[in-house]
Amino acid sequence: MHVRRLDPILVDRIAAGEVVERPAAAVKELVENAVDAGATSIEITVEAGGRRLIRIVDDGRGMTPEDLELAVERHATSKLPDGDLFAINTLGFRGEALPSIGAVARLSITSRTAEAETGSAIVVEAGVKSPVRPAPAPKGTRVEVTDLFSATPARLKFLKSDRSEAQAVAEIVKRLAIAHPTIRFTLSGEHITAFTYPPEEPGEHGFLRRLSRVLGPEFHENAMAIGVEREGVRLGGFASLPTYHRGTGTAIHFVVNGRPVRDKLLLGAVRGAYADVMASDRHPVLAIMIDLDPRSVDVNVHPAKTEVRFRDPNFVRGFVVAALKEAITRHAFRASSTGGTRTLESLRPQGALPMRPAYPHRTHAIRPTGAFANWQAPLDAPEHPYASASGLAERQASLPDLAAPSADSRATLAEMEPQTEESPLGAARAQLHGTYIVAQTQDGIVIVDQHAAHERLVYERLKRERASSGIARQLLLIPEVVDLDPVDADRVLAEAASLEGLGLVVEPFGHGALLVREVPSALAGGRIKALVQDVADALAEWGQGASGPLEERLDAVLSRMSCHGSIRSGRRLRPEEMNALLREMEATPLSGQCNHGRPTYVELKLSDIERLFGRR
């Protein structure tokens, strides 16, 4: 078989397979053209998920008849005036979108410039171009795509339902709306909840208003501002608190020089920044704009232009991680507002009161058992002025055989310092179900999860010790033998040197067995077997010899270890212990969430509580 030159229409249809793989991709290309044309208002309409109709109307600069005729030719564009691919300042630049769409559908374009008295129109159907003709039109451009993929029917079999395709279009429009907050975006059509995002004023406040419209009104109250610049790279935008997160990463938005991207490097930077404060299966909500010299980023690396390649990727990744971590640390004491809102909603009366208690009476006592009966984890770090010598130490004691009351109000009997209630977390007033501390502040109440809070405190203490003089270790009077799966045991022994630096000293003790000689002092008295098993799991999660930074790997192990040195649910605390925990939280970074990203406390304002009872 001889080599032959392909037909131009066939070439365009092949190109369309890369550029226009679904209706949402066609919408993206057409809306980007409108943005590049300087539009201040863009209206998008779709029918049948975009298969039957895609209509884009903008008020941009428009095109002359000569430009309109050339615009539907392959590799014809106005966006590379000097032909420099490394100085691209527009969203489009290849000149492939219009001819590719025209090759697989019926494409109609009507456009008029501000100087022209009448507009011009052109139609391209299945790759066949009609002559340009005069047409009435307002300033701007109107593009209609009908019967998408009618020239390539086989492609229709690979599309999803109309509803799914319509939702994909909506997602594309939302990403472009975030990238360009000063432009009005309107979307309507079948299987879509119509929306309009009005134009916002330039600057940080306008950008946050646009994000609140796109990401939800709750984002405004749970956002951390980011604005840093280094070596010609500027980061600006907003990221959510660690306790405000989603089940998927669809709410992570990056904009590079005005271009929305889904880049693996940037997504990895987000995961690295939040790894210490958020569970691995949760994702933050954020929108960050990265502005840098166009010559420092290559946007011509993906057919759909959704990925970019930075000249110095390590610097960009480190810069994003550092900026996010700085914001997280700066807002470390804040917890998401949704916790208190959900609590108030659950307390709000729903219909008539039940005739009998909603919960059966507890008939068993909750008591610590085994090694935790005399648990001790002092919080006497010298840099925390509120931590007393006694800290959270507890004398060895056992609970009575009778069921303990679900609420312990002994804290109200203790004398409080005058300034205690003025502290951010207030003064402890009671302990509920041996798990939650209720504190009174000047303008409301705070409910603290004692285990989640203390887990964060122990974790931060271990990290401080590792960074300074090393984690304090306690020698076991009788070394403990721990049996593991042989693979897990080998994995732990392979990291024995690193674990020793974390305060855990282990030795081989036969096939699949380890001998534990020393443990971190902060974890003394815990369940050693569970501790070692969690360490093995953490090492397995990272993978032996993983390429991640050593500090992140060590922190992942410390996070697992700290759980075993924390106050357990069901343990009753004395008033001074509860207040010591509150003061320690106020002095500890990132205490607003535990190591897994769950909130450590919920704050209820007095005004909201009064509204519950109709007092306001």
# chains A, B, ... in the order shown; residues from 1 in each chain; ligands from 1

call {"tool": "closest_atom_pairs", "arguments": {"of": "segment 145-216 of chain A", "to": "segment 258-264 of chain A", "cutoff": "10 Å", "atoms": "only C-alpha atoms", "output": "JSON lines"}}
result
{"residue": "A:Ile172", "atom": "CA", "partner": "A:Pro260", "partner_atom": "CA", "distance": 9.2}
{"residue": "A:Arg175", "atom": "CA", "partner": "A:Pro260", "partner_atom": "CA", "distance": 6.4}
{"residue": "A:Leu176", "atom": "CA", "partner": "A:Pro260", "partner_atom": "CA", "distance": 6.6}
{"residue": "A:Ala177", "atom": "CA", "partner": "A:Pro260", "partner_atom": "CA", "distance": 9.6}
{"residue": "A:Ile178", "atom": "CA", "partner": "A:Pro260", "partner_atom": "CA", "distance": 8.4}
{"residue": "A:Ala179", "atom": "CA", "partner": "A:Gly258", "partner_atom": "CA", "distance": 5.8}
{"residue": "A:His180", "atom": "CA", "partner": "A:Gly258", "partner_atom": "CA", "distance": 7.1}

call {"tool": "write_last_selection", "arguments": {"atoms": "C-alpha atoms", "output": "mmCIF file, in the first residue's frame"}}
result
data_model
loop_
_atom_site.group_PDB
_atom_site.id
_atom_site.type_symbol
_atom_site.label_atom_id
_atom_site.label_comp_id
_atom_site.auth_asym_id
_atom_site.auth_seq_id
_atom_site.Cartn_x
_atom_site.Cartn_y
_atom_site.Cartn_z
ATOM 1 C CA ILE A 172 -16.201 24.102 32.086
ATOM 2 C CA ARG A 175 -13.857 27.123 35.662
ATOM 3 C CA LEU A 176 -13.685 29.860 33.056
ATOM 4 C CA ALA A 177 -15.847 32.115 35.226
ATOM 5 C CA ILE A 178 -13.396 31.695 38.103
ATOM 6 C CA ALA A 179 -10.471 32.481 35.815
ATOM 7 C CA HIS A 180 -12.106 35.697 34.533
#

call {"tool": "closest_residue", "arguments": {"among": "A:Met224, A:Val169, A:Leu208, A:Leu457", "to": "Thr193 of chain A", "atoms": "only C-alpha atoms"}}
result
A:Val169

call {"tool": "residues_around", "arguments": {"residues": "segment 152-156 of chain A", "least_positions_apart": "5", "cutoff": "12 Å", "atoms": "only C-alpha atoms", "output": "number ranges by chain"}}
result
A: 9-10, 12-14, 16-17, 20-23, 49-52, 100-106, 126-127, 147, 161-162, 165

call {"tool": "write_last_selection", "arguments": {"atoms": "N, CA and C atoms", "output": "PDB file, in the first residue's frame"}}
result
ATOM      1  N   ILE A   9     -10.458  17.576   4.468  1.00  0.00           N
ATOM      2  CA  ILE A   9     -11.603  17.425   5.374  1.00  0.00           C
ATOM      3  C   ILE A   9     -11.363  16.285   6.353  1.00  0.00           C
ATOM      4  N   LEU A  10     -10.750  15.188   5.855  1.00  0.00           N
ATOM      5  CA  LEU A  10     -10.428  14.070   6.745  1.00  0.00           C
ATOM      6  C   LEU A  10      -9.393  14.485   7.777  1.00  0.00           C
ATOM      7  N   ASP A  12      -9.074  17.458   9.060  1.00  0.00           N
ATOM      8  CA  ASP A  12      -9.774  18.251  10.068  1.00  0.00           C
ATOM      9  C   ASP A  12     -10.574  17.361  11.015  1.00  0.00           C
ATOM     10  N   ARG A  13     -11.163  16.279  10.501  1.00  0.00           N
ATOM     11  CA  ARG A  13     -11.934  15.390  11.372  1.00  0.00           C
ATOM     12  C   ARG A  13     -11.027  14.630  12.337  1.00  0.00           C
ATOM     13  N   ILE A  14      -9.839  14.279  11.859  1.00  0.00           N
ATOM     14  CA  ILE A  14      -8.875  13.636  12.759  1.00  0.00           C
ATOM     15  C   ILE A  14      -8.461  14.615  13.856  1.00  0.00           C
ATOM     16  N   ALA A  16     -10.187  17.028  14.978  1.00  0.00           N
ATOM     17  CA  ALA A  16     -11.322  17.251  15.872  1.00  0.00           C
ATOM     18  C   ALA A  16     -11.378  16.188  16.967  1.00  0.00           C
ATOM     19  N   GLY A  17     -10.865  15.002  16.667  1.00  0.00           N
ATOM     20  CA  GLY A  17     -10.848  13.962  17.693  1.00  0.00           C
ATOM     21  C   GLY A  17      -9.997  14.332  18.879  1.00  0.00           C
ATOM     22  N   VAL A  20     -11.910  18.331  20.038  1.00  0.00           N
ATOM     23  CA  VAL A  20     -13.329  18.340  20.383  1.00  0.00           C
ATOM     24  C   VAL A  20     -13.771  16.900  20.658  1.00  0.00           C
ATOM     25  N   GLU A  21     -13.380  16.380  21.793  1.00  0.00           N
ATOM     26  CA  GLU A  21     -13.749  14.998  22.102  1.00  0.00           C
ATOM     27  C   GLU A  21     -15.150  14.877  22.670  1.00  0.00           C
ATOM     28  N   ARG A  22     -15.734  16.007  23.142  1.00  0.00           N
ATOM     29  CA  ARG A  22     -17.104  16.013  23.664  1.00  0.00           C
ATOM     30  C   ARG A  22     -17.650  17.432  23.581  1.00  0.00           C
ATOM     31  N   PRO A  23     -18.966  17.649  23.761  1.00  0.00           N
ATOM     32  CA  PRO A  23     -19.515  19.005  23.650  1.00  0.00           C
ATOM     33  C   PRO A  23     -18.848  20.011  24.580  1.00  0.00           C
ATOM     34  N   GLY A  49     -27.486  18.384  25.827  1.00  0.00           N
ATOM     35  CA  GLY A  49     -26.120  18.248  26.319  1.00  0.00           C
ATOM     36  C   GLY A  49     -25.082  18.854  25.411  1.00  0.00           C
ATOM     37  N   GLY A  50     -25.504  19.600  24.405  1.00  0.00           N
ATOM     38  CA  GLY A  50     -24.590  20.201  23.441  1.00  0.00           C
ATOM     39  C   GLY A  50     -24.536  19.471  22.120  1.00  0.00           C
ATOM     40  N   ARG A  51     -25.165  18.310  22.048  1.00  0.00           N
ATOM     41  CA  ARG A  51     -25.159  17.577  20.775  1.00  0.00           C
ATOM     42  C   ARG A  51     -26.015  18.282  19.719  1.00  0.00           C
ATOM     43  N   ARG A  52     -27.197  18.741  20.132  1.00  0.00           N
ATOM     44  CA  ARG A  52     -28.115  19.357  19.184  1.00  0.00           C
ATOM     45  C   ARG A  52     -27.782  20.830  18.943  1.00  0.00           C
ATOM     46  N   SER A 100     -11.950  22.488  13.173  1.00  0.00           N
ATOM     47  CA  SER A 100     -12.207  21.153  13.716  1.00  0.00           C
ATOM     48  C   SER A 100     -13.686  20.973  14.022  1.00  0.00           C
ATOM     49  N   ILE A 101     -14.306  21.994  14.620  1.00  0.00           N
ATOM     50  CA  ILE A 101     -15.742  21.908  14.905  1.00  0.00           C
ATOM     51  C   ILE A 101     -16.540  21.869  13.604  1.00  0.00           C
ATOM     52  N   GLY A 102     -16.150  22.707  12.633  1.00  0.00           N
ATOM     53  CA  GLY A 102     -16.849  22.729  11.356  1.00  0.00           C
ATOM     54  C   GLY A 102     -16.726  21.427  10.585  1.00  0.00           C
ATOM     55  N   ALA A 103     -15.700  20.633  10.870  1.00  0.00           N
ATOM     56  CA  ALA A 103     -15.513  19.367  10.161  1.00  0.00           C
ATOM     57  C   ALA A 103     -16.437  18.276  10.658  1.00  0.00           C
ATOM     58  N   VAL A 104     -16.972  18.411  11.870  1.00  0.00           N
ATOM     59  CA  VAL A 104     -17.798  17.340  12.446  1.00  0.00           C
ATOM     60  C   VAL A 104     -19.209  17.819  12.779  1.00  0.00           C
ATOM     61  N   ALA A 105     -19.566  19.024  12.418  1.00  0.00           N
ATOM     62  CA  ALA A 105     -20.887  19.560  12.748  1.00  0.00           C
ATOM     63  C   ALA A 105     -21.242  20.661  11.748  1.00  0.00           C
ATOM     64  N   ARG A 106     -22.363  21.316  11.994  1.00  0.00           N
ATOM     65  CA  ARG A 106     -22.738  22.493  11.224  1.00  0.00           C
ATOM     66  C   ARG A 106     -22.385  23.723  12.050  1.00  0.00           C
ATOM     67  N   ALA A 126     -19.933  20.036   7.818  1.00  0.00           N
ATOM     68  CA  ALA A 126     -19.169  18.811   7.532  1.00  0.00           C
ATOM     69  C   ALA A 126     -17.902  19.123   6.760  1.00  0.00           C
ATOM     70  N   GLY A 127     -17.268  20.248   7.079  1.00  0.00           N
ATOM     71  CA  GLY A 127     -16.010  20.620   6.451  1.00  0.00           C
ATOM     72  C   GLY A 127     -16.138  21.424   5.193  1.00  0.00           C
ATOM     73  N   ASP A 147     -25.971  19.867  15.591  1.00  0.00           N
ATOM     74  CA  ASP A 147     -25.738  18.470  15.169  1.00  0.00           C
ATOM     75  C   ASP A 147     -24.260  18.106  15.278  1.00  0.00           C
ATOM     76  N   SER A 161     -24.814  10.452  28.722  1.00  0.00           N
ATOM     77  CA  SER A 161     -26.184  10.945  28.621  1.00  0.00           C
ATOM     78  C   SER A 161     -26.197  12.457  28.445  1.00  0.00           C
ATOM     79  N   ASP A 162     -27.319  12.968  27.952  1.00  0.00           N
ATOM     80  CA  ASP A 162     -27.432  14.417  27.770  1.00  0.00           C
ATOM     81  C   ASP A 162     -27.213  15.161  29.069  1.00  0.00           C
ATOM     82  N   GLU A 165     -23.423  15.189  29.864  1.00  0.00           N
ATOM     83  CA  GLU A 165     -22.704  16.116  28.993  1.00  0.00           C
ATOM     84  C   GLU A 165     -23.026  17.561  29.348  1.00  0.00           C
TER      85      GLU A 165
END

call {"tool": "residues_around", "arguments": {"residues": "segment 436-442 of chain A", "least_positions_apart": "3", "cutoff": "8 Å", "atoms": "only C-alpha atoms", "output": "PyMOL selection string"}}
result
chain A and resi 421-433+445-450+578

call {"tool": "residues_around", "arguments": {"residues": "Asn257 of chain A", "least_positions_apart": "3", "cutoff": "7 Å", "atoms": "only C-alpha atoms", "output": "ChimeraX atom specification"}}
result
/A:290-292

call {"tool": "closest_residue", "arguments": {"among": "A:Gly434, A:Pro599, A:Pro8, A:Gly189", "to": "Val46 of chain A", "atoms": "only C-alpha atoms"}}
result
A:Gly189

call {"tool": "residues_around", "arguments": {"residues": "Thr141 of chain A", "least_positions_apart": "2", "cutoff": "10 Å", "atoms": "only C-alpha atoms", "output": "PyMOL selection string"}}
result
chain A and resi 33-34+37+39+42+56-63+109-113+119-121+137-139+143

call {"tool": "residues_around", "arguments": {"residues": "Tyr197 of chain A", "least_positions_apart": "6", "cutoff": "7 Å", "atoms": "only C-alpha atoms", "output": "list in words"}}
result
Arg184, Phe185 and Thr186 of chain A

call {"tool": "select_by_dssp", "arguments": {"residues": "segment 82-330 of chain A", "states": "strand (DSSP E or B)", "output": "PyMOL selection string"}}
result
chain A and resi 106-112+119-125+128-129+133-135+140-146+184-189+195-197+223-230+233-240+245-246+252-256+259-261+283-284+286-291+297-298+309-310

call {"tool": "select_by_dssp", "arguments": {"residues": "segment 470-570 of chain A", "states": "alpha helix (DSSP H)", "output": "number ranges by chain"}}
result
A: 486-494, 496-501, 528-542, 550-562

call {"tool": "write_last_selection", "arguments": {"atoms": "N, CA and C atoms", "output": "CSV table (one decimal), in the first residue's frame"}}
result
chain,number,residue,atom,x,y,z
A,486,PRO,N,4.9,-11.0,58.3
A,486,PRO,CA,6.4,-11.0,58.0
A,486,PRO,C,6.7,-9.8,57.0
A,487,VAL,N,5.9,-9.5,56.1
A,487,VAL,CA,6.1,-8.4,55.2
A,487,VAL,C,6.2,-7.0,55.9
A,488,ASP,N,5.2,-6.9,56.9
A,488,ASP,CA,5.1,-5.6,57.7
A,488,ASP,C,6.3,-5.6,58.6
A,489,ALA,N,6.7,-6.7,59.2
A,489,ALA,CA,7.9,-6.7,60.1
A,489,ALA,C,9.2,-6.3,59.3
A,490,ASP,N,9.3,-6.8,58.1
A,490,ASP,CA,10.5,-6.5,57.3
A,490,ASP,C,10.5,-5.0,56.9
A,491,ARG,N,9.3,-4.5,56.7
A,491,ARG,CA,9.2,-3.1,56.3
A,491,ARG,C,9.6,-2.2,57.5
A,492,VAL,N,9.1,-2.5,58.7
A,492,VAL,CA,9.5,-1.7,59.8
A,492,VAL,C,11.0,-1.8,60.1
A,493,LEU,N,11.5,-3.0,60.0
A,493,LEU,CA,13.0,-3.2,60.3
A,493,LEU,C,13.8,-2.4,59.3
A,494,ALA,N,13.4,-2.3,58.1
A,494,ALA,CA,14.1,-1.6,57.0
A,494,ALA,C,14.2,-0.1,57.4
A,496,ALA,N,14.2,1.0,60.6
A,496,ALA,CA,14.5,1.1,62.0
A,496,ALA,C,15.3,2.3,62.4
A,497,ALA,N,16.3,2.7,61.5
A,497,ALA,CA,17.1,3.9,61.8
A,497,ALA,C,16.2,5.2,61.9
A,498,SER,N,15.3,5.3,60.9
A,498,SER,CA,14.4,6.5,60.9
A,498,SER,C,13.5,6.5,62.1
A,499,LEU,N,13.0,5.3,62.4
A,499,LEU,CA,12.1,5.2,63.6
A,499,LEU,C,12.8,5.5,64.9
A,500,GLU,N,14.0,5.1,65.0
A,500,GLU,CA,14.7,5.4,66.2
A,500,GLU,C,14.8,7.0,66.4
A,501,GLY,N,14.9,7.7,65.4
A,501,GLY,CA,14.9,9.2,65.5
A,501,GLY,C,13.5,9.7,65.9
A,528,ILE,N,1.2,-0.8,72.7
A,528,ILE,CA,2.4,-0.9,71.9
A,528,ILE,C,2.2,-1.6,70.6
A,529,LYS,N,1.5,-2.7,70.7
A,529,LYS,CA,1.2,-3.5,69.5
A,529,LYS,C,0.4,-2.7,68.4
A,530,ALA,N,-0.6,-2.0,68.9
A,530,ALA,CA,-1.4,-1.2,68.0
A,530,ALA,C,-0.5,0.0,67.4
A,531,LEU,N,0.4,0.5,68.3
A,531,LEU,CA,1.3,1.6,67.8
A,531,LEU,C,2.2,1.1,66.7
A,532,VAL,N,2.8,-0.1,66.9
A,532,VAL,CA,3.7,-0.6,65.9
A,532,VAL,C,3.0,-1.0,64.6
A,533,GLN,N,1.8,-1.5,64.7
A,533,GLN,CA,1.0,-1.9,63.6
A,533,GLN,C,0.6,-0.7,62.8
A,534,ASP,N,0.3,0.4,63.4
A,534,ASP,CA,0.0,1.7,62.7
A,534,ASP,C,1.2,2.2,62.0
A,535,VAL,N,2.3,2.1,62.7
A,535,VAL,CA,3.6,2.6,62.0
A,535,VAL,C,3.8,1.7,60.8
A,536,ALA,N,3.6,0.4,60.8
A,536,ALA,CA,3.8,-0.4,59.7
A,536,ALA,C,2.8,0.0,58.5
A,537,ASP,N,1.6,0.3,58.9
A,537,ASP,CA,0.6,0.7,57.9
A,537,ASP,C,1.0,2.0,57.3
A,538,ALA,N,1.5,2.9,58.1
A,538,ALA,CA,2.0,4.2,57.5
A,538,ALA,C,3.1,4.0,56.5
A,539,LEU,N,4.1,3.1,56.9
A,539,LEU,CA,5.2,2.9,56.0
A,539,LEU,C,4.7,2.2,54.7
A,540,ALA,N,3.7,1.3,54.8
A,540,ALA,CA,3.2,0.7,53.6
A,540,ALA,C,2.4,1.7,52.7
A,541,GLU,N,1.8,2.6,53.4
A,541,GLU,CA,1.0,3.6,52.6
A,541,GLU,C,2.0,4.5,51.8
A,542,TRP,N,3.1,4.8,52.4
A,542,TRP,CA,4.1,5.6,51.6
A,542,TRP,C,4.9,4.8,50.7
A,550,LEU,N,11.5,13.3,52.8
A,550,LEU,CA,11.7,12.5,54.1
A,550,LEU,C,10.9,13.1,55.2
A,551,GLU,N,10.8,14.4,55.3
A,551,GLU,CA,10.1,15.1,56.4
A,551,GLU,C,8.6,14.7,56.3
A,552,GLU,N,8.0,14.7,55.1
A,552,GLU,CA,6.6,14.3,55.0
A,552,GLU,C,6.4,12.8,55.4
A,553,ARG,N,7.4,12.0,55.1
A,553,ARG,CA,7.2,10.6,55.5
A,553,ARG,C,7.3,10.4,57.0
A,554,LEU,N,8.2,11.1,57.6
A,554,LEU,CA,8.3,11.1,59.1
A,554,LEU,C,7.1,11.6,59.7
A,555,ASP,N,6.6,12.7,59.2
A,555,ASP,CA,5.4,13.3,59.8
A,555,ASP,C,4.2,12.4,59.7
A,556,ALA,N,4.1,11.6,58.5
A,556,ALA,CA,3.0,10.7,58.4
A,556,ALA,C,3.1,9.6,59.5
A,557,VAL,N,4.3,9.2,59.8
A,557,VAL,CA,4.5,8.2,60.9
A,557,VAL,C,4.1,8.8,62.2
A,558,LEU,N,4.6,10.0,62.5
A,558,LEU,CA,4.3,10.7,63.8
A,558,LEU,C,2.8,10.9,63.9
A,559,SER,N,2.1,11.2,62.8
A,559,SER,CA,0.6,11.3,62.9
A,559,SER,C,0.0,10.1,63.3
A,560,ARG,N,0.4,8.9,62.8
A,560,ARG,CA,-0.2,7.7,63.3
A,560,ARG,C,0.2,7.4,64.7
A,561,MET,N,1.4,7.7,65.1
A,561,MET,CA,1.8,7.4,66.5
A,561,MET,C,1.1,8.3,67.5
A,562,SER,N,0.8,9.5,67.1
A,562,SER,CA,0.2,10.4,68.1
A,562,SER,C,-1.2,10.0,68.6

call {"tool": "closest_residue", "arguments": {"among": "A:Ala513, A:Leu477, A:Leu107, A:Ile226", "to": "Ser150 of chain A", "atoms": "only C-alpha atoms"}}
result
A:Leu107

call {"tool": "closest_residue", "arguments": {"among": "A:Asn222, A:Ser130, A:Thr329, A:Asn300", "to": "Thr90 of chain A", "atoms": "only C-alpha atoms"}}
result
A:Asn300

call {"tool": "atom_distance", "arguments": {"atom1": "atom CA of His245 of chain A", "atom2": "atom CA of Leu187 of chain A"}}
result
26.4 Å

call {"tool": "closest_residue", "arguments": {"among": "A:Lys305, A:Thr435, A:Ile288, A:Pro589", "to": "Leu573 of chain A", "atoms": "only C-alpha atoms"}}
result
A:Thr435

call {"tool": "decode", "arguments": {"residues": "segment 111-127 of chain A", "atoms": "N, CA, C and O atoms", "output": "PDB file, in the first residue's frame"}}
result
ATOM      1  N   SER A 111     -20.769  37.853  12.868  1.00  0.00           N
ATOM      2  CA  SER A 111     -19.906  38.753  13.631  1.00  0.00           C
ATOM      3  C   SER A 111     -19.931  40.148  13.028  1.00  0.00           C
ATOM      4  O   SER A 111     -20.169  40.330  11.821  1.00  0.00           O
ATOM      5  N   ARG A 112     -19.682  41.150  13.912  1.00  0.00           N
ATOM      6  CA  ARG A 112     -19.595  42.537  13.449  1.00  0.00           C
ATOM      7  C   ARG A 112     -18.646  43.297  14.355  1.00  0.00           C
ATOM      8  O   ARG A 112     -18.683  43.159  15.578  1.00  0.00           O
ATOM      9  N   THR A 113     -17.796  44.108  13.742  1.00  0.00           N
ATOM     10  CA  THR A 113     -16.901  44.975  14.504  1.00  0.00           C
ATOM     11  C   THR A 113     -17.618  46.281  14.824  1.00  0.00           C
ATOM     12  O   THR A 113     -18.673  46.601  14.251  1.00  0.00           O
ATOM     13  N   ALA A 114     -17.055  47.062  15.727  1.00  0.00           N
ATOM     14  CA  ALA A 114     -17.685  48.327  16.124  1.00  0.00           C
ATOM     15  C   ALA A 114     -17.702  49.330  14.971  1.00  0.00           C
ATOM     16  O   ALA A 114     -18.588  50.190  14.890  1.00  0.00           O
ATOM     17  N   GLU A 115     -16.734  49.218  14.056  1.00  0.00           N
ATOM     18  CA  GLU A 115     -16.645  50.173  12.955  1.00  0.00           C
ATOM     19  C   GLU A 115     -17.557  49.812  11.791  1.00  0.00           C
ATOM     20  O   GLU A 115     -17.895  50.680  10.971  1.00  0.00           O
ATOM     21  N   ALA A 116     -17.963  48.572  11.676  1.00  0.00           N
ATOM     22  CA  ALA A 116     -18.748  48.133  10.513  1.00  0.00           C
ATOM     23  C   ALA A 116     -20.221  48.495  10.675  1.00  0.00           C
ATOM     24  O   ALA A 116     -20.766  48.504  11.783  1.00  0.00           O
ATOM     25  N   GLU A 117     -20.874  48.810   9.563  1.00  0.00           N
ATOM     26  CA  GLU A 117     -22.296  49.142   9.599  1.00  0.00           C
ATOM     27  C   GLU A 117     -23.161  47.889   9.659  1.00  0.00           C
ATOM     28  O   GLU A 117     -24.243  47.901  10.240  1.00  0.00           O
ATOM     29  N   THR A 118     -22.711  46.815   9.027  1.00  0.00           N
ATOM     30  CA  THR A 118     -23.450  45.551   9.047  1.00  0.00           C
ATOM     31  C   THR A 118     -22.488  44.424   9.412  1.00  0.00           C
ATOM     32  O   THR A 118     -21.252  44.573   9.325  1.00  0.00           O
ATOM     33  N   GLY A 119     -23.077  43.313   9.788  1.00  0.00           N
ATOM     34  CA  GLY A 119     -22.261  42.172  10.132  1.00  0.00           C
ATOM     35  C   GLY A 119     -22.026  41.251   8.961  1.00  0.00           C
ATOM     36  O   GLY A 119     -22.461  41.514   7.829  1.00  0.00           O
ATOM     37  N   SER A 120     -21.326  40.150   9.236  1.00  0.00           N
ATOM     38  CA  SER A 120     -21.021  39.142   8.224  1.00  0.00           C
ATOM     39  C   SER A 120     -21.305  37.775   8.811  1.00  0.00           C
ATOM     40  O   SER A 120     -21.217  37.566  10.031  1.00  0.00           O
ATOM     41  N   ALA A 121     -21.637  36.816   7.959  1.00  0.00           N
ATOM     42  CA  ALA A 121     -21.954  35.465   8.418  1.00  0.00           C
ATOM     43  C   ALA A 121     -21.316  34.450   7.486  1.00  0.00           C
ATOM     44  O   ALA A 121     -21.133  34.701   6.282  1.00  0.00           O
ATOM     45  N   ILE A 122     -20.984  33.298   8.065  1.00  0.00           N
ATOM     46  CA  ILE A 122     -20.412  32.208   7.291  1.00  0.00           C
ATOM     47  C   ILE A 122     -20.907  30.897   7.888  1.00  0.00           C
ATOM     48  O   ILE A 122     -21.178  30.813   9.103  1.00  0.00           O
ATOM     49  N   VAL A 123     -21.053  29.886   7.044  1.00  0.00           N
ATOM     50  CA  VAL A 123     -21.510  28.570   7.484  1.00  0.00           C
ATOM     51  C   VAL A 123     -20.518  27.526   6.992  1.00  0.00           C
ATOM     52  O   VAL A 123     -20.101  27.560   5.826  1.00  0.00           O
ATOM     53  N   VAL A 124     -20.150  26.623   7.880  1.00  0.00           N
ATOM     54  CA  VAL A 124     -19.297  25.488   7.530  1.00  0.00           C
ATOM     55  C   VAL A 124     -20.044  24.235   7.952  1.00  0.00           C
ATOM     56  O   VAL A 124     -20.390  24.075   9.132  1.00  0.00           O
ATOM     57  N   GLU A 125     -20.311  23.338   6.998  1.00  0.00           N
ATOM     58  CA  GLU A 125     -21.068  22.130   7.306  1.00  0.00           C
ATOM     59  C   GLU A 125     -20.282  20.913   6.848  1.00  0.00           C
ATOM     60  O   GLU A 125     -19.992  20.774   5.645  1.00  0.00           O
ATOM     61  N   ALA A 126     -19.933  20.036   7.818  1.00  0.00           N
ATOM     62  CA  ALA A 126     -19.169  18.811   7.532  1.00  0.00           C
ATOM     63  C   ALA A 126     -17.902  19.123   6.760  1.00  0.00           C
ATOM     64  O   ALA A 126     -17.481  18.364   5.875  1.00  0.00           O
ATOM     65  N   GLY A 127     -17.268  20.248   7.079  1.00  0.00           N
ATOM     66  CA  GLY A 127     -16.010  20.620   6.451  1.00  0.00           C
ATOM     67  C   GLY A 127     -16.138  21.424   5.193  1.00  0.00           C
ATOM     68  O   GLY A 127     -15.122  21.880   4.640  1.00  0.00           O
TER      69      GLY A 127
END
